[in-house]
Every structure is written in C-alpha cells, then in structure tokens.
file input-v3.csv (CSV, C-alpha atoms)
chain,number,residue,atom,x,y,z
A,1,MET,CA,13.3,-12.6,-30.2
A,2,ALA,CA,14.1,-8.9,-30.7
A,3,ARG,CA,15.7,-7.4,-27.6
A,4,ALA,CA,13.0,-4.7,-27.6
A,5,ALA,CA,10.4,-7.3,-27.2
A,6,VAL,CA,11.8,-8.6,-23.9
A,7,ARG,CA,9.2,-7.8,-21.3
A,8,GLY,CA,10.4,-5.2,-18.8
A,9,ARG,CA,13.5,-4.1,-20.6
A,10,LEU,CA,13.7,-0.4,-20.7
A,11,ASN,CA,14.8,1.0,-24.0
A,12,TRP,CA,15.7,4.6,-24.7
A,13,MET,CA,13.0,6.2,-26.7
A,14,LEU,CA,12.3,9.6,-28.3
A,15,GLY,CA,9.5,11.8,-27.3
A,16,GLU,CA,8.4,14.9,-29.1
A,17,VAL,CA,7.8,18.1,-27.1
A,18,VAL,CA,4.3,19.3,-28.0
A,19,GLU,CA,3.8,22.0,-25.3
A,20,LEU,CA,5.7,23.8,-22.6
A,21,LEU,CA,3.8,25.2,-19.6
A,22,ASP,CA,5.3,27.7,-17.2
A,23,GLU,CA,4.2,26.6,-13.7
A,24,THR,CA,6.3,29.1,-11.7
A,25,PRO,CA,9.2,31.3,-12.6
A,26,ARG,CA,11.6,28.4,-12.1
A,27,VAL,CA,9.4,25.4,-13.0
A,28,ARG,CA,8.1,24.3,-16.3
A,29,SER,CA,6.0,21.3,-17.5
A,30,VAL,CA,7.1,19.5,-20.6
A,31,VAL,CA,4.3,17.8,-22.4
A,32,LEU,CA,5.5,14.9,-24.5
A,33,ASP,CA,4.1,12.8,-27.3
A,34,ILE,CA,5.8,9.4,-27.1
A,35,PRO,CA,4.9,6.8,-29.7
A,36,HIS,CA,4.6,3.3,-28.1
A,37,TRP,CA,4.7,4.7,-24.6
A,38,PRO,CA,3.9,1.6,-22.5
A,39,GLY,CA,1.9,3.4,-19.9
A,40,HIS,CA,2.8,4.2,-16.3
A,41,ARG,CA,1.6,4.2,-12.7
A,42,ALA,CA,1.3,7.3,-10.6
A,43,GLY,CA,4.5,8.0,-8.7
A,44,GLN,CA,6.9,6.6,-11.3
A,45,HIS,CA,9.8,8.5,-12.9
A,46,VAL,CA,11.8,8.5,-16.2
A,47,ASP,CA,15.4,8.9,-16.9
A,48,VAL,CA,16.1,11.8,-19.4
A,49,ARG,CA,19.4,11.7,-21.4
A,50,LEU,CA,20.9,14.7,-23.2
A,51,THR,CA,23.7,14.2,-25.7
A,52,ALA,CA,25.9,17.1,-26.8
A,53,GLU,CA,27.3,17.4,-30.3
A,54,ASP,CA,30.7,16.1,-29.1
A,55,GLY,CA,29.0,13.0,-27.6
A,56,TYR,CA,29.0,14.1,-24.0
A,57,GLN,CA,26.0,12.7,-22.2
A,58,ALA,CA,24.2,13.8,-19.1
A,59,GLN,CA,21.3,11.9,-17.5
A,60,ARG,CA,18.8,12.8,-14.8
A,61,SER,CA,15.7,11.3,-13.3
A,62,TYR,CA,12.4,13.2,-13.4
A,63,SER,CA,9.0,12.3,-11.9
A,64,ILE,CA,6.0,11.9,-14.1
A,65,ALA,CA,3.3,14.5,-13.4
A,66,SER,CA,0.5,13.2,-15.6
A,67,ALA,CA,-2.0,10.6,-14.6
A,68,PRO,CA,-1.9,7.2,-16.3
A,69,GLU,CA,-5.3,8.2,-17.9
A,70,ASP,CA,-3.8,11.3,-19.6
A,71,ARG,CA,-3.2,11.1,-23.3
A,72,ARG,CA,0.3,12.6,-23.1
A,73,LEU,CA,3.2,12.2,-20.7
A,74,VAL,CA,4.0,15.3,-18.7
A,75,LEU,CA,7.3,15.9,-16.8
A,76,THR,CA,7.5,18.9,-14.5
A,77,VAL,CA,11.1,20.2,-14.0
A,78,GLU,CA,12.5,22.7,-11.6
A,79,ARG,CA,15.5,24.7,-12.8
A,80,LEU,CA,18.3,24.1,-10.3
A,81,PRO,CA,21.4,26.4,-9.9
A,82,ASP,CA,24.1,24.9,-12.1
A,83,GLY,CA,21.8,22.1,-13.2
A,84,GLU,CA,23.1,21.1,-16.6
A,85,VAL,CA,20.1,19.1,-17.5
A,86,SER,CA,17.3,21.1,-15.8
A,87,SER,CA,18.5,24.4,-17.1
A,88,TYR,CA,18.3,23.0,-20.6
A,89,LEU,CA,14.8,21.5,-20.1
A,90,VAL,CA,13.4,24.7,-18.4
A,91,GLY,CA,15.3,27.3,-20.4
A,92,GLU,CA,16.1,26.0,-23.9
A,93,LEU,CA,13.7,23.2,-24.9
A,94,ARG,CA,11.2,24.2,-27.6
A,95,PRO,CA,8.0,22.6,-29.0
A,96,GLY,CA,8.9,20.3,-31.8
A,97,ASP,CA,12.2,19.3,-30.1
A,98,SER,CA,12.9,15.6,-29.4
A,99,LEU,CA,13.8,14.4,-26.0
A,100,GLU,CA,15.5,11.0,-25.2
A,101,LEU,CA,14.1,9.1,-22.2
A,102,ARG,CA,13.5,5.7,-20.8
A,103,GLY,CA,10.8,4.5,-18.4
A,104,PRO,CA,8.6,4.2,-16.6
A,105,ILE,CA,10.8,3.3,-13.7
A,106,GLY,CA,9.9,2.3,-10.1
A,107,GLY,CA,7.4,-0.1,-8.6
A,108,TYR,CA,7.8,1.0,-5.0
A,109,PHE,CA,6.8,4.6,-4.8
A,110,VAL,CA,3.5,4.2,-6.7
A,111,TRP,CA,-0.1,4.5,-6.0
A,112,GLU,CA,-3.0,3.0,-7.9
A,113,ALA,CA,-6.7,3.5,-7.1
A,114,ARG,CA,-7.1,-0.2,-6.4
A,115,MET,CA,-4.6,0.1,-3.6
A,116,GLY,CA,-7.1,2.2,-1.6
A,117,GLY,CA,-6.2,4.6,1.1
A,118,PRO,CA,-6.7,7.0,2.7
A,119,LEU,CA,-3.8,8.9,1.2
A,120,LEU,CA,-1.5,11.3,3.0
A,121,LEU,CA,0.7,13.2,0.6
A,122,VAL,CA,3.4,15.4,1.9
A,123,ALA,CA,5.4,17.5,-0.6
A,124,GLY,CA,8.4,19.9,-0.4
A,125,GLY,CA,8.8,22.2,-3.4
A,126,SER,CA,8.9,20.3,-6.6
A,127,GLY,CA,8.4,17.1,-4.6
A,128,ILE,CA,4.8,17.7,-5.5
A,129,VAL,CA,5.2,16.3,-9.0
A,130,PRO,CA,4.8,12.5,-8.4
A,131,LEU,CA,2.1,13.3,-5.8
A,132,MET,CA,0.2,15.4,-8.3
A,133,ALA,CA,0.2,12.3,-10.6
A,134,MET,CA,-1.5,10.5,-7.8
A,135,LEU,CA,-4.1,13.2,-7.2
A,136,ARG,CA,-4.7,13.4,-11.0
A,137,HIS,CA,-5.1,9.6,-11.1
A,138,ARG,CA,-7.4,9.7,-8.1
A,139,GLU,CA,-9.6,12.3,-9.9
A,140,ALA,CA,-9.5,10.6,-13.3
A,141,SER,CA,-10.4,7.2,-11.8
A,142,ARG,CA,-13.0,8.7,-9.5
A,143,ALA,CA,-11.5,6.7,-6.7
A,144,ALA,CA,-13.5,6.8,-3.5
A,145,VAL,CA,-10.3,7.3,-1.5
A,146,GLY,CA,-9.8,10.1,1.0
A,147,ALA,CA,-6.7,12.2,0.3
A,148,ARG,CA,-4.9,14.9,2.2
A,149,LEU,CA,-2.0,16.9,0.8
A,150,VAL,CA,0.4,18.9,3.0
A,151,TYR,CA,2.5,21.1,0.6
A,152,SER,CA,5.5,23.2,1.7
A,153,SER,CA,6.6,26.0,-0.6
A,154,ARG,CA,8.8,28.9,-0.1
A,155,SER,CA,6.3,31.5,-1.3
A,156,TRP,CA,2.8,31.8,-2.8
A,157,GLU,CA,4.4,32.4,-6.2
A,158,GLU,CA,6.4,29.2,-6.0
A,159,ILE,CA,3.4,26.9,-5.4
A,160,ILE,CA,3.4,24.5,-8.4
A,161,TYR,CA,-0.1,23.6,-9.8
A,162,ARG,CA,-1.7,26.2,-7.5
A,163,GLU,CA,-4.8,26.7,-9.5
A,164,GLU,CA,-5.3,23.1,-10.3
A,165,LEU,CA,-5.0,22.2,-6.6
A,166,GLU,CA,-7.6,24.8,-5.7
A,167,ARG,CA,-9.9,23.4,-8.3
A,168,LEU,CA,-9.4,19.8,-7.1
A,169,ALA,CA,-9.8,20.8,-3.5
A,170,SER,CA,-13.1,22.6,-4.1
A,171,GLY,CA,-14.7,19.7,-6.0
A,172,PRO,CA,-16.9,17.2,-4.3
A,173,ASP,CA,-14.8,14.6,-2.6
A,174,GLY,CA,-11.7,16.7,-3.5
A,175,PRO,CA,-8.5,16.3,-1.5
A,176,GLN,CA,-7.9,18.4,1.6
A,177,VAL,CA,-5.0,20.7,0.7
A,178,THR,CA,-2.9,22.4,3.3
A,179,HIS,CA,-0.2,24.8,2.2
A,180,THR,CA,2.6,26.1,4.3
A,181,LEU,CA,4.8,29.0,3.1
A,182,THR,CA,8.2,29.0,4.6
A,183,ARG,CA,9.9,32.1,3.4
A,184,SER,CA,7.4,34.8,2.5
A,185,GLN,CA,3.6,35.0,2.8
A,186,PRO,CA,1.1,37.2,0.9
A,187,PRO,CA,-0.6,40.0,2.9
A,188,GLY,CA,-3.4,38.5,4.9
A,189,TRP,CA,-2.1,35.0,4.9
A,190,THR,CA,-3.6,33.0,7.7
A,191,GLY,CA,-2.2,29.6,6.8
A,192,TYR,CA,1.0,27.9,8.1
A,193,ALA,CA,4.2,29.8,7.7
A,194,ARG,CA,6.9,27.4,8.9
A,195,ARG,CA,8.5,24.1,7.9
A,196,VAL,CA,6.4,21.0,8.2
A,197,ASP,CA,6.7,19.6,11.7
A,198,GLY,CA,5.1,17.0,14.0
A,199,ALA,CA,2.7,19.6,15.5
A,200,MET,CA,1.5,20.6,12.0
A,201,LEU,CA,1.0,17.0,10.9
A,202,ALA,CA,-0.9,16.2,14.1
A,203,GLU,CA,-3.3,18.9,13.1
A,204,VAL,CA,-3.8,18.2,9.4
A,205,ALA,CA,-2.7,14.6,8.6
A,206,TRP,CA,-4.9,11.6,9.0
A,207,PRO,CA,-4.7,10.1,12.5
A,208,PRO,CA,-2.9,6.7,12.4
A,209,SER,CA,-6.2,5.0,13.3
A,210,HIS,CA,-7.4,5.6,9.8
A,211,ALA,CA,-4.6,3.4,8.5
A,212,PRO,CA,-3.4,5.8,5.9
A,213,THR,CA,-0.7,5.3,3.4
A,214,ALA,CA,1.8,8.2,3.3
A,215,PHE,CA,3.9,9.3,0.3
A,216,ILE,CA,6.5,11.9,1.0
A,217,CYS,CA,8.6,13.6,-1.7
A,218,GLY,CA,11.0,16.5,-1.6
A,219,PRO,CA,14.6,17.3,-0.7
A,220,THR,CA,16.4,14.7,1.4
A,221,PRO,CA,16.3,16.6,4.8
A,222,PHE,CA,12.6,17.5,4.3
A,223,VAL,CA,11.7,13.9,3.6
A,224,GLU,CA,13.6,12.5,6.5
A,225,THR,CA,12.1,15.1,8.9
A,226,VAL,CA,8.6,14.4,7.8
A,227,ALA,CA,9.0,10.6,7.8
A,228,SER,CA,10.4,10.6,11.3
A,229,ALA,CA,7.6,12.9,12.5
A,230,LEU,CA,4.9,10.6,11.0
A,231,VAL,CA,6.4,7.5,12.7
A,232,LEU,CA,6.4,9.5,16.0
A,233,LEU,CA,2.7,10.2,15.4
A,234,GLY,CA,2.1,6.5,15.2
A,235,TYR,CA,2.3,5.7,11.5
A,236,PRO,CA,3.9,2.3,11.0
A,237,ALA,CA,7.2,2.7,9.1
A,238,THR,CA,6.0,0.4,6.4
A,239,SER,CA,3.1,2.7,5.6
A,240,VAL,CA,5.4,5.7,4.9
A,241,LYS,CA,6.9,5.7,1.5
A,242,THR,CA,9.6,8.2,0.6
A,243,GLU,CA,11.2,9.7,-2.5
A,244,ARG,CA,14.2,11.9,-1.8
A,245,PHE,CA,15.5,14.4,-4.3
A,246,GLY,CA,19.2,14.0,-4.5
A,247,PRO,CA,22.0,15.3,-6.7
A,248,THR,CA,20.5,13.6,-9.8
A,249,GLY,CA,17.8,16.4,-9.8
A,250,GLY,CA,20.2,18.7,-11.6
B,1,MET,CA,23.6,13.0,-0.5
B,2,ARG,CA,21.3,10.1,0.3
B,3,VAL,CA,18.3,9.3,-1.9
B,4,ASP,CA,16.1,6.2,-2.2
B,5,GLY,CA,16.8,2.9,-3.9
B,6,ASN,CA,14.1,3.9,-6.3
B,7,ALA,CA,16.6,6.2,-7.9
B,8,MET,CA,18.7,3.2,-9.0
B,9,GLY,CA,15.8,1.7,-11.0
B,10,GLY,CA,16.9,2.9,-14.4
B,11,MET,CA,20.5,1.7,-14.0
B,12,LEU,CA,19.4,-1.7,-12.6
B,13,SER,CA,16.9,-2.2,-15.4
B,14,GLU,CA,19.9,-2.2,-17.7
B,15,VAL,CA,21.3,-5.2,-15.8
B,16,PHE,CA,18.2,-7.1,-14.9
B,17,ALA,CA,16.1,-6.1,-17.9
B,18,ARG,CA,13.1,-5.6,-15.6
B,19,GLU,CA,11.7,-3.4,-12.9
B,20,VAL,CA,13.5,-4.3,-9.7
B,21,THR,CA,12.6,-1.5,-7.2
B,22,SER,CA,10.0,-3.8,-5.7
B,23,ALA,CA,12.4,-6.7,-5.3
B,24,ARG,CA,13.1,-7.5,-1.6
B,25,MET,CA,16.3,-8.2,0.1
B,26,ALA,CA,17.6,-9.1,3.6
B,27,CYS,CA,20.4,-7.1,5.1
B,28,ASP,CA,23.3,-9.3,6.1
B,29,GLY,CA,24.1,-6.9,9.0
B,30,CYS,CA,20.8,-6.5,10.8
B,31,GLY,CA,18.6,-9.0,9.0
B,32,LYS,CA,15.8,-6.5,8.1
B,33,VAL,CA,13.9,-7.2,4.9
B,34,GLU,CA,12.9,-4.3,2.6
B,35,PRO,CA,12.1,-3.6,-1.0
B,36,LEU,CA,15.0,-2.1,-2.9
B,37,GLY,CA,13.1,1.1,-3.5
B,38,ALA,CA,12.9,1.7,0.3
B,39,GLU,CA,16.6,1.3,1.0
B,40,HIS,CA,19.1,4.2,0.9
B,41,ALA,CA,21.0,5.0,-2.3
B,42,TYR,CA,24.1,7.0,-2.8
B,43,LEU,CA,24.7,7.9,-6.4
B,44,GLN,CA,27.7,10.2,-6.2
B,45,ALA,CA,30.2,7.5,-5.3
B,46,PRO,CA,32.1,5.9,-8.2
B,47,GLY,CA,29.2,3.7,-9.1
B,48,MET,CA,26.0,3.4,-7.2
B,49,VAL,CA,25.8,2.2,-3.6
B,50,LEU,CA,22.8,0.8,-1.9
B,51,ARG,CA,22.7,0.8,1.9
B,52,CYS,CA,20.4,-0.7,4.5
B,53,ARG,CA,17.9,1.9,5.7
B,54,HIS,CA,18.1,0.5,9.2
B,55,CYS,CA,21.8,0.0,9.8
B,56,GLU,CA,23.5,1.6,6.8
B,57,GLN,CA,25.4,-1.5,5.9
B,58,VAL,CA,26.4,-1.6,2.3
B,59,LEU,CA,24.0,-4.0,0.5
B,60,LEU,CA,24.9,-3.6,-3.2
B,61,VAL,CA,27.4,-1.8,-5.3
B,62,VAL,CA,26.9,-1.4,-9.0
B,63,THR,CA,29.5,0.0,-11.4
B,64,ARG,CA,29.8,0.1,-15.1
B,65,ALA,CA,33.3,0.3,-16.6
B,66,ASN,CA,35.3,-1.1,-19.4
B,67,GLY,CA,32.2,-2.5,-21.2
B,68,ALA,CA,31.0,-4.5,-18.2
B,69,TYR,CA,28.6,-4.1,-15.2
B,70,LEU,CA,30.2,-5.1,-11.9
B,71,LEU,CA,27.8,-6.0,-9.1
B,72,SER,CA,28.8,-6.7,-5.5
B,73,PHE,CA,26.0,-8.2,-3.4
B,74,ARG,CA,28.3,-8.5,-0.4
B,75,GLY,CA,26.0,-7.0,2.1
B,76,MET,CA,22.8,-9.0,1.6
B,77,ARG,CA,21.7,-12.5,2.6
B,78,TRP,CA,19.3,-12.9,-0.2
B,79,PHE,CA,17.7,-11.0,-3.0
B,80,GLU,CA,14.2,-12.0,-4.1
B,81,LEU,CA,13.0,-11.3,-7.6
B,82,PRO,CA,9.5,-12.4,-8.5
B,83,ALA,CA,9.5,-15.0,-11.2
B,84,GLU,CA,6.8,-13.1,-13.2
B,85,PRO,CA,7.9,-9.5,-13.8
call {"tool": "encode", "arguments": {"input": "input-v3.csv", "output": "structure tokens"}}
result
Amino acid sequence: MARAAVRGRLNWMLGEVVELLDETPRVRSVVLDIPHWPGHRAGQHVDVRLTAEDGYQAQRSYSIASAPEDRRLVLTVERLPDGEVSSYLVGELRPGDSLELRGPIGGYFVWEARMGGPLLLVAGGSGIVPLMAMLRHREASRAAVGARLVYSSRSWEEIIYREELERLASGPDGPQVTHTLTRSQPPGWTGYARRVDGAMLAEVAWPPSHAPTAFICGPTPFVETVASALVLLGYPATSVKTERFGPTGG
Amino acid sequence: MRVDGNAMGGMLSEVFAREVTSARMACDGCGKVEPLGAEHAYLQAPGMVLRCRHCEQVLLVVTRANGAYLLSFRGMRWFELPAEP
C-alpha cells in the first residue's frame, strides 16, 4: 500500500494562494485552494513549512479560520515582531504562490454541531481564528446551539472579522458578541475597556447551570487567566478547552 | 513558554501516523488522566516536552535527531490509543 494511503498519516501538500484579505493592519487571511484536502473540523490547525533556496526550513502552526462547509481553506495570520514565517505570510505572499502545509491537526480543541452546547468562546487577539471557524460552522450548519463570544482586542481597529461578527450577531439566533478593548477605545465607546476577568465573565458568560462548553484561545497568560476565572465561576475543568499561542506563532 | 499538547499534534503524527491529540494518558506522578491535547507542552526545549497539566511532571519527551525519533514515555503510567483512528 502506498504510504499516502495509510489512514491518518499527514503528508505535506501544496496549496495555491487564491486570495489575500487584509483583516487589520497586522492581520491577513490567506485563502487557499488545496487539491485533495481531506476536510477538517472547526478548531483544528495546520503546520505551514517554508523552505528557503539554501534549504533552510521554518515551520509554524496556524489555526484554520474557515468552516468545514466552506469551499476553500482559510488561514488567518497575525504578523508578529521578528516572526520569520508570519512576516512572510502577511507581507510577501502573493496570489498564485504555493504554500506547503500539512493537516488538519488536532482532535481535542474542536467543535462540531452534533456536539451541542451552549458554546462559550473567549478570544484574545488573533485567538479568535479557531473560534471563528466554530461560529462559521455553527452558521453554515444552522446548528440550534446557543453561542456567546467574549473577544478581547487592543483597539477597535484591531478587531479581526469585525464586520462579519456584527453581521452574525444581528442575525436571528446569532451569537451574543461582547467586545472588550484593552488599550484604546473609540469616542463614545460604552463597552468594556479592560482585560477579561471574572467579574466580566460573570456578567456575560453562560452561567454554569446551562452546562456550557468553553473554548479559550489566545496568548498563554490570557488563556490561563480566563480558564482559572471560569473554573472559579463554577465551570467544571473538563468543560474548559484551551489553545495557547506559544512561540510557534512566529 | 507553555502551550497545549495540541501543538505537538503535527510532530506526533509523523511518529504515530494518525491523530493523537485525543489519545488519553495517566500521569505517573499524580495519576490524573487527560487527553494529550489538554496537557501542557513546551516546544522550545531541545525536542518537545509534554508535562502533566495538574502536577507538571514530565510525561513525554520527543526528539528527532540523526535520522531517528526518540520518545521517552517515562512520566506516564499508560497511553491509550483508540484501535480505530
């Protein structure tokens, strides 16, 4: 049997960049056409590998932003200071380029409509990406599952998917979306203007009595603060799933 | 910096040729059972280190060098991989 046919083996494959979308000044979505993509579940990630002309390779993990129902795979990438992979993906990649990747990866931090809810999603910065895949999947599958998103950004301009979130939230049975802006707020802002904390979650998250499933994604300190706060509010630790951004985010 | 075991999924798929972040294990230090994706991972060490999310005991170390994968399972009592991937 060909090695490629072994079920579950992840092979490196080539995707073609068909479109690049500027989400914020530092964040770009890469829309890929990947022949023989095996499909994915919301919350999964891929490994992206860049190879220089001299053979040097650099590899990073990026969350999938698109829903399983979408025709094309979308990665949303934040340019990090000194990020050797992210600066290439955000700054230099062009439509028509090829990108080497493998995936989908992960069976733990995933949500499918049949798993039910309600859902509590808590995002810090570009931690919104895998949670957006869940919201897009919820919308595409018309899942009758309540969803609440608490999303921390530094400023109004840095909210990724801002218009799409507004559209989703205003629809019938749309998710409840709560923004907090930690560094600067537009004139007249009446929303939260501090880091996510227990008091905020007590106001806007599902009470534990609704038996919600929580997905938290963001920088490591953010994720650990939110996870601890939810457990203090009474969420069972097994109902809180985390995805920390670490040094591989570069 | 600490991340989740989930981040080791790509590397471990090279070894196990399947998705393993849902595989469960028991910590040999505190006995707690968790899926790999929920444990703590450290990727900046030489190789990848998985630690127990409850007691931080080293569960698994994976390195790749000299054309081989080297895995140390020293910190876990058992590792459960579903028969059907």
call {"tool": "interface_residues", "arguments": {"input": "input-v3.csv", "of": "chain A", "to": "chain B", "cutoff": "12 Å", "atoms": "all atoms listed in the file", "output": "NGL selection string"}}
result
:A and (3-12 or 43-49 or 59-63 or 101-110 or 215-224 or 237-249)
call {"tool": "atom_distance", "arguments": {"input": "input-v3.csv", "atom1": "CA of Ala214 (chain A)", "atom2": "CA of Ala42 (chain A)"}}
result
13.9 Å
call {"tool": "atom_distance", "arguments": {"input": "input-v3.csv", "atom1": "CA of Leu93 (chain A)", "atom2": "CA of Glu166 (chain A)"}}
result
28.7 Å
call {"tool": "atom_distance", "arguments": {"input": "input-v3.csv", "atom1": "CA of Gly127 (chain A)", "atom2": "CA of Ser155 (chain A)"}}
result
14.9 Å
call {"tool": "residues_around", "arguments": {"input": "input-v3.csv", "residues": "Phe73 (chain B)", "least_positions_apart": "4", "cutoff": "8 Å", "atoms": "all atoms listed in the file", "output": "PyMOL selection string"}}
result
chain B and resi 59-61
call {"tool": "closest_residue", "arguments": {"input": "input-v3.csv", "among": "A:Arg71, A:Arg148, A:Arg41, A:Arg142", "to": "Leu201 (chain A)", "atoms": "only C-alpha atoms"}}
result
A:Arg148
call {"tool": "axis_aligned_box", "arguments": {"input": "input-v3.csv", "around": "region 146-154 of chain A", "padding_each_side": "6 Å", "output": "AutoDock Vina command-line options"}}
result
--center_x -0.5 --center_y 19.5 --center_z 1.2 --size_x 30.6 --size_y 30.8 --size_z 15.6
call {"tool": "residues_near_point", "arguments": {"input": "input-v3.csv", "point": "(11.2, 31.8, -7.9)", "cutoff": "6 Å", "atoms": "all atoms listed in the file", "output": "VMD selection string"}}
result
chain A and resid 25 to 26 158
